[in-house]
file data.pdb (PDB, C-alpha atoms, pLDDT in the B column)
ATOM      1  CA  ASP A 682     -14.764  37.350  -8.384  1.00 90.00           C
ATOM      2  CA  TRP A 683     -16.823  35.113  -6.068  1.00 92.00           C
ATOM      3  CA  PHE A 684     -16.162  37.429  -3.098  1.00 94.00           C
ATOM      4  CA  ALA A 685     -16.501  40.669  -5.123  1.00 94.00           C
ATOM      5  CA  ARG A 686     -20.250  40.807  -4.456  1.00 93.00           C
ATOM      6  CA  PHE A 687     -19.387  42.044  -0.950  1.00 94.00           C
ATOM      7  CA  ARG A 688     -17.881  45.462  -0.371  1.00 94.00           C
ATOM      8  CA  ALA A 689     -14.470  44.852   1.189  1.00 96.00           C
ATOM      9  CA  ARG A 690     -11.414  46.738   2.309  1.00 96.00           C
ATOM     10  CA  LEU A 691      -8.029  45.522   1.129  1.00 97.00           C
ATOM     11  CA  GLU A 692      -5.100  45.013   3.483  1.00 97.00           C
ATOM     12  CA  THR A 693      -1.635  43.690   2.696  1.00 98.00           C
ATOM     13  CA  ARG A 694       0.916  42.731   5.357  1.00 96.00           C
ATOM     14  CA  GLU A 695       3.409  40.128   6.468  1.00 96.00           C
ATOM     15  CA  ASP A 696       2.763  38.256   9.701  1.00 96.00           C
ATOM     16  CA  THR A 697       5.444  36.100  11.296  1.00 96.00           C
ATOM     17  CA  TYR A 698       4.264  33.075  13.296  1.00 96.00           C
ATOM     18  CA  LEU A 699       6.132  31.302  16.095  1.00 96.00           C
ATOM     19  CA  LEU A 700       5.950  27.593  15.194  1.00 95.00           C
ATOM     20  CA  ASP A 701       8.801  26.106  17.215  1.00 93.00           C
ATOM     21  CA  PRO A 702       8.597  25.433  20.025  1.00 94.00           C
ATOM     22  CA  HIS A 703       5.057  24.153  19.541  1.00 93.00           C
ATOM     23  CA  LEU A 704       2.858  25.639  22.260  1.00 94.00           C
ATOM     24  CA  PRO A 705      -0.453  23.701  22.162  1.00 94.00           C
ATOM     25  CA  GLY A 706      -3.445  25.983  22.635  1.00 94.00           C
ATOM     26  CA  LEU A 707      -1.341  29.109  22.104  1.00 96.00           C
ATOM     27  CA  SER A 708      -0.697  31.163  18.978  1.00 96.00           C
ATOM     28  CA  VAL A 709       2.072  33.779  18.881  1.00 97.00           C
ATOM     29  CA  LYS A 710       2.765  36.079  15.938  1.00 96.00           C
ATOM     30  CA  ILE A 711       4.234  39.406  14.967  1.00 96.00           C
ATOM     31  CA  ARG A 712       1.393  41.210  13.157  1.00 95.00           C
ATOM     32  CA  GLY A 713       2.967  43.231  10.383  1.00 92.00           C
ATOM     33  CA  ALA A 714       5.843  44.920  12.135  1.00 88.00           C
ATOM     34  CA  ALA A 715       3.497  46.702  14.518  1.00 92.00           C
ATOM     35  CA  ALA A 716       2.309  44.293  17.226  1.00 96.00           C
ATOM     36  CA  LEU A 717       3.011  41.097  19.101  1.00 96.00           C
ATOM     37  CA  GLU A 718      -0.197  39.056  19.292  1.00 97.00           C
ATOM     38  CA  VAL A 719      -0.816  36.196  21.669  1.00 98.00           C
ATOM     39  CA  LYS A 720      -3.968  34.087  21.363  1.00 97.00           C
ATOM     40  CA  VAL A 721      -5.210  31.393  23.736  1.00 97.00           C
ATOM     41  CA  TYR A 722      -7.517  28.672  22.429  1.00 96.00           C
ATOM     42  CA  ARG A 723     -10.716  28.539  24.511  1.00 96.00           C
ATOM     43  CA  GLY A 724     -12.343  25.519  22.896  1.00 95.00           C
ATOM     44  CA  SER A 725     -14.750  24.695  20.117  1.00 94.00           C
ATOM     45  CA  PRO A 726     -18.471  25.365  20.417  1.00 92.00           C
ATOM     46  CA  GLY A 727     -19.123  22.959  17.525  1.00 95.00           C
ATOM     47  CA  LEU A 728     -19.230  22.954  13.759  1.00 96.00           C
ATOM     48  CA  LEU A 729     -20.323  25.425  11.127  1.00 96.00           C
ATOM     49  CA  ASP A 730     -22.271  23.516   8.501  1.00 95.00           C
ATOM     50  CA  VAL A 731     -23.711  25.203   5.405  1.00 94.00           C
ATOM     51  CA  ALA A 732     -25.490  22.501   3.420  1.00 83.00           C
ATOM     52  CA  ASP A 733     -23.301  21.026   0.662  1.00 84.00           C
ATOM     53  CA  ARG A 734     -21.036  24.098   0.603  1.00 90.00           C
ATOM     54  CA  ALA A 735     -18.860  24.325   3.700  1.00 94.00           C
ATOM     55  CA  ARG A 736     -18.235  22.540   6.963  1.00 95.00           C
ATOM     56  CA  GLY A 737     -15.629  23.603   9.503  1.00 95.00           C
ATOM     57  CA  ARG A 738     -14.751  23.755  13.157  1.00 95.00           C
ATOM     58  CA  VAL A 739     -15.790  26.843  15.093  1.00 96.00           C
ATOM     59  CA  GLU A 740     -12.993  27.912  17.435  1.00 95.00           C
ATOM     60  CA  SER A 741     -13.007  30.342  20.320  1.00 95.00           C
ATOM     61  CA  TRP A 742      -9.825  32.351  20.950  1.00 95.00           C
ATOM     62  CA  GLN A 743      -8.916  35.118  23.385  1.00 95.00           C
ATOM     63  CA  LYS A 744      -6.396  37.633  22.029  1.00 96.00           C
ATOM     64  CA  TRP A 745      -3.939  40.103  23.500  1.00 98.00           C
ATOM     65  CA  SER A 746      -2.058  42.578  21.327  1.00 97.00           C
ATOM     66  CA  PHE A 747       1.055  44.494  22.372  1.00 97.00           C
ATOM     67  CA  PRO A 748       2.335  47.361  20.204  1.00 96.00           C
ATOM     68  CA  LEU A 749       5.931  47.169  19.022  1.00 92.00           C
ATOM     69  CA  GLU A 750       7.982  50.352  18.927  1.00 84.00           C
ATOM     70  CA  ARG A 751      10.713  48.791  16.774  1.00 72.00           C
ATOM     71  CA  PRO A 752      10.818  45.677  14.614  1.00 63.00           C
ATOM     72  CA  ALA A 753      11.018  42.598  16.831  1.00 59.00           C
ATOM     73  CA  LEU A 754      12.434  40.385  14.078  1.00 61.00           C
ATOM     74  CA  ASP A 755      14.793  41.278  11.275  1.00 58.00           C
ATOM     75  CA  GLN A 756      12.526  39.940   8.549  1.00 53.00           C
ATOM     76  CA  GLY A 757      14.951  40.951   5.797  1.00 52.00           C
ATOM     77  CA  SER A 758      17.588  38.420   6.853  1.00 47.00           C
ATOM     78  CA  GLY A 759      15.574  35.322   5.907  1.00 53.00           C
ATOM     79  CA  ASP A 760      13.673  32.932   8.129  1.00 59.00           C
ATOM     80  CA  LEU A 761      14.602  32.912  11.787  1.00 78.00           C
ATOM     81  CA  ALA A 762      14.641  29.544  13.521  1.00 87.00           C
ATOM     82  CA  GLY A 763      11.167  28.692  14.802  1.00 91.00           C
ATOM     83  CA  TRP A 764       9.417  31.607  13.040  1.00 94.00           C
ATOM     84  CA  ARG A 765       7.595  31.501   9.678  1.00 94.00           C
ATOM     85  CA  PRO A 766       6.779  34.664   7.687  1.00 95.00           C
ATOM     86  CA  VAL A 767       3.458  34.671   5.838  1.00 96.00           C
ATOM     87  CA  HIS A 768       2.578  37.343   3.299  1.00 97.00           C
ATOM     88  CA  LYS A 769      -1.161  38.091   3.286  1.00 97.00           C
ATOM     89  CA  ARG A 770      -3.362  40.042   0.903  1.00 98.00           C
ATOM     90  CA  ARG A 771      -6.684  40.217   2.737  1.00 97.00           C
ATOM     91  CA  ARG A 772     -10.131  41.245   1.504  1.00 97.00           C
ATOM     92  CA  ILE A 773     -12.197  41.946   4.622  1.00 97.00           C
ATOM     93  CA  SER A 774     -15.932  42.527   4.595  1.00 96.00           C
ATOM     94  CA  SER A 775     -18.353  43.288   7.409  1.00 93.00           C
ATOM     95  CA  ILE A 776     -21.460  41.431   6.289  1.00 81.00           C
ATOM     96  CA  THR A 777     -24.897  41.728   7.825  1.00 69.00           C
ATOM     97  CA  PRO A 778     -27.172  38.700   7.410  1.00 65.00           C
ATOM     98  CA  THR A 779     -30.199  39.435   5.246  1.00 49.00           C
ATOM     99  CA  ASP A 780     -32.645  38.597   8.037  1.00 46.00           C
ATOM    100  CA  GLU A 781     -31.375  41.538  10.111  1.00 48.00           C
ATOM    101  CA  PRO A 782     -30.356  44.478   7.899  1.00 46.00           C
ATOM    102  CA  ALA A 783     -28.101  47.093   9.504  1.00 46.00           C
ATOM    103  CA  ARG A 784     -30.780  49.782   9.201  1.00 41.00           C
ATOM    104  CA  THR A 785     -33.108  47.859  11.571  1.00 44.00           C
ATOM    105  CA  ARG A 786     -30.525  47.388  14.328  1.00 49.00           C
ATOM    106  CA  SER A 787     -30.924  49.545  17.398  1.00 54.00           C
ATOM    107  CA  HIS A 788     -27.872  51.615  18.341  1.00 58.00           C
ATOM    108  CA  GLY A 789     -28.583  51.219  22.061  1.00 61.00           C
ATOM    109  CA  MET A 790     -28.623  47.425  22.071  1.00 70.00           C
ATOM    110  CA  ALA A 791     -25.594  45.145  22.300  1.00 77.00           C
ATOM    111  CA  GLN A 792     -24.830  43.551  18.940  1.00 87.00           C
ATOM    112  CA  ALA A 793     -22.620  40.881  17.472  1.00 90.00           C
ATOM    113  CA  ARG A 794     -20.537  41.650  14.413  1.00 92.00           C
ATOM    114  CA  CYS A 795     -19.042  39.312  11.820  1.00 95.00           C
ATOM    115  CA  GLU A 796     -16.165  40.048   9.492  1.00 96.00           C
ATOM    116  CA  VAL A 797     -15.390  37.688   6.625  1.00 97.00           C
ATOM    117  CA  GLU A 798     -11.867  37.541   5.281  1.00 97.00           C
ATOM    118  CA  LEU A 799     -10.751  36.077   1.955  1.00 97.00           C
ATOM    119  CA  THR A 800      -6.947  36.007   1.980  1.00 97.00           C
ATOM    120  CA  ASP A 801      -4.305  35.263  -0.628  1.00 97.00           C
ATOM    121  CA  ILE A 802      -1.383  33.678   1.245  1.00 96.00           C
ATOM    122  CA  ARG A 803       2.243  33.278   0.234  1.00 96.00           C
ATOM    123  CA  ALA A 804       4.521  31.237   2.480  1.00 92.00           C
ATOM    124  CA  ARG A 805       7.772  29.451   1.608  1.00 88.00           C
ATOM    125  CA  GLY A 806       7.247  30.113  -2.102  1.00 91.00           C
ATOM    126  CA  GLU A 807       3.791  28.488  -2.154  1.00 93.00           C
ATOM    127  CA  GLU A 808       0.521  30.293  -2.798  1.00 96.00           C
ATOM    128  CA  TRP A 809      -2.715  29.456  -0.998  1.00 94.00           C
ATOM    129  CA  TRP A 810      -5.951  31.117   0.021  1.00 94.00           C
ATOM    130  CA  SER A 811      -8.032  31.074   3.175  1.00 95.00           C
ATOM    131  CA  LEU A 812     -11.555  32.045   4.112  1.00 96.00           C
ATOM    132  CA  GLY A 813     -12.273  32.978   7.706  1.00 96.00           C
ATOM    133  CA  PHE A 814     -15.104  34.347   9.810  1.00 96.00           C
ATOM    134  CA  GLU A 815     -14.475  36.401  12.946  1.00 96.00           C
ATOM    135  CA  VAL A 816     -17.443  37.101  15.186  1.00 95.00           C
ATOM    136  CA  THR A 817     -17.285  39.492  18.139  1.00 92.00           C
ATOM    137  CA  GLY A 818     -19.886  40.733  20.602  1.00 91.00           C
ATOM    138  CA  PRO A 819     -22.059  39.343  23.384  1.00 93.00           C
ATOM    139  CA  ALA A 820     -21.591  35.571  23.770  1.00 91.00           C
ATOM    140  CA  ASP A 821     -25.311  34.788  23.378  1.00 93.00           C
ATOM    141  CA  LEU A 822     -25.422  36.493  19.951  1.00 93.00           C
ATOM    142  CA  LEU A 823     -22.255  35.064  18.393  1.00 93.00           C
ATOM    143  CA  ARG A 824     -23.604  31.811  16.960  1.00 95.00           C
ATOM    144  CA  GLY A 825     -26.648  33.408  15.336  1.00 94.00           C
ATOM    145  CA  GLU A 826     -24.476  36.079  13.703  1.00 94.00           C
ATOM    146  CA  LEU A 827     -22.001  33.456  12.440  1.00 95.00           C
ATOM    147  CA  ASP A 828     -24.701  31.165  11.037  1.00 95.00           C
ATOM    148  CA  GLY A 829     -26.554  34.022   9.328  1.00 94.00           C
ATOM    149  CA  THR A 830     -23.392  35.483   7.796  1.00 95.00           C
ATOM    150  CA  ALA A 831     -22.143  32.076   6.599  1.00 95.00           C
ATOM    151  CA  ALA A 832     -25.518  31.353   4.968  1.00 94.00           C
ATOM    152  CA  LEU A 833     -25.267  34.642   3.083  1.00 93.00           C
ATOM    153  CA  VAL A 834     -21.634  34.078   2.023  1.00 94.00           C
ATOM    154  CA  PHE A 835     -22.273  30.534   0.817  1.00 94.00           C
ATOM    155  CA  ALA A 836     -25.629  31.338  -0.856  1.00 93.00           C
ATOM    156  CA  GLN A 837     -23.542  31.421  -4.034  1.00 92.00           C
ATOM    157  CA  ARG A 838     -21.484  28.291  -4.760  1.00 91.00           C
ATOM    158  CA  LEU A 839     -17.718  28.474  -4.521  1.00 91.00           C
ATOM    159  CA  PRO A 840     -15.855  28.625  -7.853  1.00 91.00           C
ATOM    160  CA  GLY A 841     -15.469  25.222  -9.489  1.00 90.00           C
ATOM    161  CA  ASP A 842     -18.093  23.888  -7.078  1.00 84.00           C
ATOM    162  CA  ALA A 843     -15.355  23.573  -4.436  1.00 87.00           C
ATOM    163  CA  GLN A 844     -16.562  22.331  -1.069  1.00 87.00           C
ATOM    164  CA  LEU A 845     -14.848  23.189   2.189  1.00 93.00           C
ATOM    165  CA  SER A 846     -14.666  20.408   4.768  1.00 93.00           C
ATOM    166  CA  THR A 847     -13.439  20.005   8.330  1.00 94.00           C
ATOM    167  CA  ASP A 848     -10.203  18.663   6.800  1.00 92.00           C
ATOM    168  CA  ASP A 849      -9.697  22.183   5.393  1.00 89.00           C
ATOM    169  CA  SER A 850     -10.457  23.888   8.718  1.00 94.00           C
ATOM    170  CA  SER A 851      -7.633  24.999  11.052  1.00 92.00           C
ATOM    171  CA  SER A 852      -5.864  27.947  12.611  1.00 91.00           C
ATOM    172  CA  TYR A 853      -2.956  29.528  10.701  1.00 89.00           C
ATOM    173  CA  GLY A 854      -0.440  28.115  13.196  1.00 89.00           C
ATOM    174  CA  ASP A 855      -1.733  24.547  12.855  1.00 91.00           C
ATOM    175  CA  TRP A 856      -1.890  24.858   9.078  1.00 91.00           C
ATOM    176  CA  LEU A 857       1.680  26.193   8.900  1.00 91.00           C
ATOM    177  CA  ARG A 858       2.969  23.365  11.090  1.00 89.00           C
ATOM    178  CA  ARG A 859       1.573  20.833   8.597  1.00 87.00           C
ATOM    179  CA  ARG A 860       3.402  22.496   5.686  1.00 80.00           C
ATOM    180  CA  PRO A 861       6.894  21.165   5.003  1.00 71.00           C
ATOM    181  CA  ALA A 862       9.727  23.396   6.188  1.00 65.00           C
TER     182      ALA A 862
END
call {"tool": "encode", "arguments": {"input": "data.pdb", "output": "structure tokens"}}
result
Amino acid sequence: DWFARFRARLETREDTYLLDPHLPGLSVKIRGAAALEVKVYRGSPGLLDVADRARGRVESWQKWSFPLERPALDQGSGDLAGWRPVHKRRRISSITPTDEPARTRSHGMAQARCEVELTDIRARGEEWWSLGFEVTGPADLLRGELDGTAALVFAQRLPGDAQLSTDDSSSYGDWLRRRPA
């Protein structure tokens, strides 16, 4: 209900993450059954801090995606050694900060874009949720777009007055590695 104030598209899929061997600074997954994705960690430009609501690490990643013509993993046969399937039900919204409505943006100028994703996660019989921001566009516009979008998202308190801290902030791969096998 908290996220319902934003128009969002719904997407359901199963991603399968390579966890072992651990490849620091690298994330490898099968996205749905359609693509192999490889991401390289490019560092952290700092923290996202929305007063008394959320605080997390901002991470920069570079991604390559390779289409798969046939399933790379037989996901029906149970977990394969080193790989962890994660079922995701994602609500994805492209949100424009209130200080720069979409109607005032010029079509000829380079722009940054932020998508916010609220995801129900099921992995190893446990249920979780995640909230992520993905900003793309010219490097000099990314931080302003992220800060403006986060301020809009967190203008309304999280249910139960939950607060998100840096302890709650990580990539899927790092989070999955911390979960018991």
call {"tool": "atom_distance", "arguments": {"input": "data.pdb", "atom1": "CA of Phe747 (chain A)", "atom2": "CA of Lys769 (chain A)"}}
result
20.3 Å
call {"tool": "residues_around", "arguments": {"input": "data.pdb", "residues": "Ser741 (chain A)", "least_positions_apart": "5", "cutoff": "8 Å", "atoms": "all atoms listed in the file", "output": "PyMOL selection string"}}
result
chain A and resi 722-726
call {"tool": "atom_distance", "arguments": {"input": "data.pdb", "atom1": "CA of Ser708 (chain A)", "atom2": "CA of Gly854 (chain A)"}}
result
6.5 Å
call {"tool": "residues_around", "arguments": {"input": "data.pdb", "residues": "Arg765 (chain A)", "least_positions_apart": "4", "cutoff": "9 Å", "atoms": "only C-alpha atoms", "output": "ChimeraX atom specification"}}
result
/A:696-700,760-761,804-805,857
call {"tool": "residues_around", "arguments": {"input": "data.pdb", "residues": "Ala689 (chain A)", "least_positions_apart": "6", "cutoff": "9 Å", "atoms": "only C-alpha atoms", "output": "PyMOL selection string"}}
result
chain A and resi 772-775+798
call {"tool": "residues_around", "arguments": {"input": "data.pdb", "residues": "Ala831 (chain A)", "least_positions_apart": "5", "cutoff": "9 Å", "atoms": "only C-alpha atoms", "output": "PyMOL selection string"}}
result
chain A and resi 729-731+735+778+797+814+826+836
call {"tool": "write_last_selection", "arguments": {"input": "data.pdb", "atoms": "C-alpha atoms", "output": "short mmCIF file (atom, residue, chain, number, x, y, z; two decimals), in the coordinates of the input"}}
result
data_model
loop_
_atom_site.label_atom_id
_atom_site.label_comp_id
_atom_site.auth_asym_id
_atom_site.auth_seq_id
_atom_site.Cartn_x
_atom_site.Cartn_y
_atom_site.Cartn_z
CA LEU A 729 -20.32 25.42 11.13
CA ASP A 730 -22.27 23.52 8.50
CA VAL A 731 -23.71 25.20 5.40
CA ALA A 735 -18.86 24.32 3.70
CA PRO A 778 -27.17 38.70 7.41
CA VAL A 797 -15.39 37.69 6.62
CA PHE A 814 -15.10 34.35 9.81
CA GLU A 826 -24.48 36.08 13.70
CA ALA A 836 -25.63 31.34 -0.86
#
call {"tool": "closest_atom_pairs", "arguments": {"input": "data.pdb", "of": "region 799-851 of chain A", "to": "region 791-795 of chain A", "cutoff": "12 Å", "atoms": "all atoms listed in the file", "output": "CSV"}}
result
residue,atom,partner,partner_atom,distance
A:Gly813,CA,A:Cys795,CA,10.1
A:Phe814,CA,A:Cys795,CA,6.6
A:Glu815,CA,A:Cys795,CA,5.5
A:Val816,CA,A:Cys795,CA,4.3
A:Thr817,CA,A:Arg794,CA,5.4
A:Gly818,CA,A:Ala793,CA,4.2
A:Pro819,CA,A:Ala793,CA,6.1
A:Ala820,CA,A:Ala793,CA,8.3
A:Asp821,CA,A:Ala793,CA,8.9
A:Leu822,CA,A:Ala793,CA,5.8
A:Leu823,CA,A:Ala793,CA,5.9
A:Arg824,CA,A:Ala793,CA,9.1
A:Gly825,CA,A:Ala793,CA,8.8
A:Glu826,CA,A:Ala793,CA,6.4
A:Leu827,CA,A:Cys795,CA,6.6
A:Asp828,CA,A:Cys795,CA,10.0
A:Gly829,CA,A:Cys795,CA,9.5
A:Thr830,CA,A:Cys795,CA,7.1
A:Ala831,CA,A:Cys795,CA,9.4
A:Leu833,CA,A:Cys795,CA,11.7
A:Val834,CA,A:Cys795,CA,11.4
call {"tool": "resolve_selection", "arguments": {"input": "data.pdb", "expression": "the PyMOL selection byres ((chain A and resi 745) around 6)", "output": "PyMOL selection string"}}
result
chain A and resi 718-719+744+746
call {"tool": "atom_distance", "arguments": {"input": "data.pdb", "atom1": "CA of Leu717 (chain A)", "atom2": "CA of Leu749 (chain A)"}}
result
6.7 Å
call {"tool": "closest_residue", "arguments": {"input": "data.pdb", "among": "A:Asp701, A:Asp682, A:Asp801, A:Asp848", "to": "Arg770 (chain A)", "atoms": "all atoms listed in the file"}}
result
A:Asp801
call {"tool": "residues_around", "arguments": {"input": "data.pdb", "residues": "Thr800 (chain A)", "least_positions_apart": "6", "cutoff": "6 Å", "atoms": "all atoms listed in the file", "output": "VMD selection string"}}
result
chain A and resid 770 to 771 810 to 811
call {"tool": "write_last_selection", "arguments": {"input": "data.pdb", "atoms": "C-alpha atoms", "output": "mmCIF file, in the frame of the given file"}}
result
data_model
loop_
_atom_site.group_PDB
_atom_site.id
_atom_site.type_symbol
_atom_site.label_atom_id
_atom_site.label_comp_id
_atom_site.auth_asym_id
_atom_site.auth_seq_id
_atom_site.Cartn_x
_atom_site.Cartn_y
_atom_site.Cartn_z
ATOM 1 C CA ARG A 770 -3.362 40.042 0.903
ATOM 2 C CA ARG A 771 -6.684 40.217 2.737
ATOM 3 C CA TRP A 810 -5.951 31.117 0.021
ATOM 4 C CA SER A 811 -8.032 31.074 3.175
#
call {"tool": "build_atoms", "arguments": {"input": "data.pdb", "residues": "region 728-749 of chain A", "atoms": "N, CA, C and O atoms", "output": "tab-separated table (two decimals), keeping the file's coordinate frame"}}
result
chain	number	residue	atom	x	y	z
A	728	LEU	N	-19.54	22.86	15.18
A	728	LEU	CA	-19.23	22.95	13.76
A	728	LEU	C	-20.10	24.00	13.09
A	728	LEU	O	-21.23	24.25	13.50
A	729	LEU	N	-19.55	24.59	12.04
A	729	LEU	CA	-20.32	25.42	11.13
A	729	LEU	C	-20.63	24.54	9.93
A	729	LEU	O	-19.71	23.94	9.35
A	730	ASP	N	-21.88	24.41	9.58
A	730	ASP	CA	-22.27	23.52	8.50
A	730	ASP	C	-23.27	24.24	7.61
A	730	ASP	O	-24.39	24.53	8.03
A	731	VAL	N	-22.84	24.57	6.39
A	731	VAL	CA	-23.71	25.20	5.40
A	731	VAL	C	-23.93	24.16	4.31
A	731	VAL	O	-22.99	23.82	3.58
A	732	ALA	N	-25.12	23.66	4.24
A	732	ALA	CA	-25.49	22.50	3.42
A	732	ALA	C	-24.75	22.43	2.09
A	732	ALA	O	-24.88	23.31	1.25
A	733	ASP	N	-23.99	21.36	1.91
A	733	ASP	CA	-23.30	21.03	0.66
A	733	ASP	C	-22.34	22.10	0.17
A	733	ASP	O	-21.96	22.09	-0.99
A	734	ARG	N	-21.95	23.04	1.03
A	734	ARG	CA	-21.04	24.10	0.60
A	734	ARG	C	-19.79	24.16	1.48
A	734	ARG	O	-18.69	24.28	0.98
A	735	ALA	N	-19.99	24.14	2.79
A	735	ALA	CA	-18.86	24.32	3.70
A	735	ALA	C	-19.17	23.70	5.05
A	735	ALA	O	-20.31	23.74	5.52
A	736	ARG	N	-18.12	23.12	5.63
A	736	ARG	CA	-18.24	22.54	6.96
A	736	ARG	C	-16.88	22.74	7.63
A	736	ARG	O	-15.85	22.36	7.08
A	737	GLY	N	-16.89	23.36	8.81
A	737	GLY	CA	-15.63	23.60	9.50
A	737	GLY	C	-15.83	23.73	10.99
A	737	GLY	O	-16.95	23.91	11.48
A	738	ARG	N	-14.73	23.62	11.70
A	738	ARG	CA	-14.75	23.76	13.16
A	738	ARG	C	-14.86	25.23	13.55
A	738	ARG	O	-14.14	26.07	13.02
A	739	VAL	N	-15.71	25.51	14.50
A	739	VAL	CA	-15.79	26.84	15.09
A	739	VAL	C	-14.82	26.83	16.27
A	739	VAL	O	-14.82	25.89	17.07
A	740	GLU	N	-13.96	27.83	16.35
A	740	GLU	CA	-12.99	27.91	17.43
A	740	GLU	C	-13.15	29.22	18.18
A	740	GLU	O	-13.45	30.25	17.58
A	741	SER	N	-12.96	29.15	19.47
A	741	SER	CA	-13.01	30.34	20.32
A	741	SER	C	-11.59	30.67	20.79
A	741	SER	O	-10.89	29.80	21.32
A	742	TRP	N	-11.16	31.90	20.58
A	742	TRP	CA	-9.82	32.35	20.95
A	742	TRP	C	-9.93	33.66	21.73
A	742	TRP	O	-10.80	34.48	21.45
A	743	GLN	N	-9.04	33.85	22.67
A	743	GLN	CA	-8.92	35.12	23.38
A	743	GLN	C	-7.58	35.72	22.97
A	743	GLN	O	-6.56	35.03	22.95
A	744	LYS	N	-7.58	37.02	22.60
A	744	LYS	CA	-6.40	37.63	22.03
A	744	LYS	C	-5.92	38.83	22.85
A	744	LYS	O	-6.72	39.61	23.34
A	745	TRP	N	-4.59	38.92	22.95
A	745	TRP	CA	-3.94	40.10	23.50
A	745	TRP	C	-2.99	40.64	22.44
A	745	TRP	O	-2.32	39.87	21.75
A	746	SER	N	-2.92	41.96	22.32
A	746	SER	CA	-2.06	42.58	21.33
A	746	SER	C	-1.20	43.63	22.02
A	746	SER	O	-1.72	44.47	22.79
A	747	PHE	N	0.11	43.58	21.75
A	747	PHE	CA	1.06	44.49	22.37
A	747	PHE	C	1.78	45.26	21.27
A	747	PHE	O	2.44	44.65	20.43
A	748	PRO	N	1.67	46.59	21.26
A	748	PRO	CA	2.34	47.36	20.20
A	748	PRO	C	3.85	47.23	20.28
A	748	PRO	O	4.42	47.12	21.36
A	749	LEU	N	4.47	47.23	19.11
A	749	LEU	CA	5.93	47.17	19.02
A	749	LEU	C	6.44	48.53	18.58
A	749	LEU	O	5.95	49.08	17.59
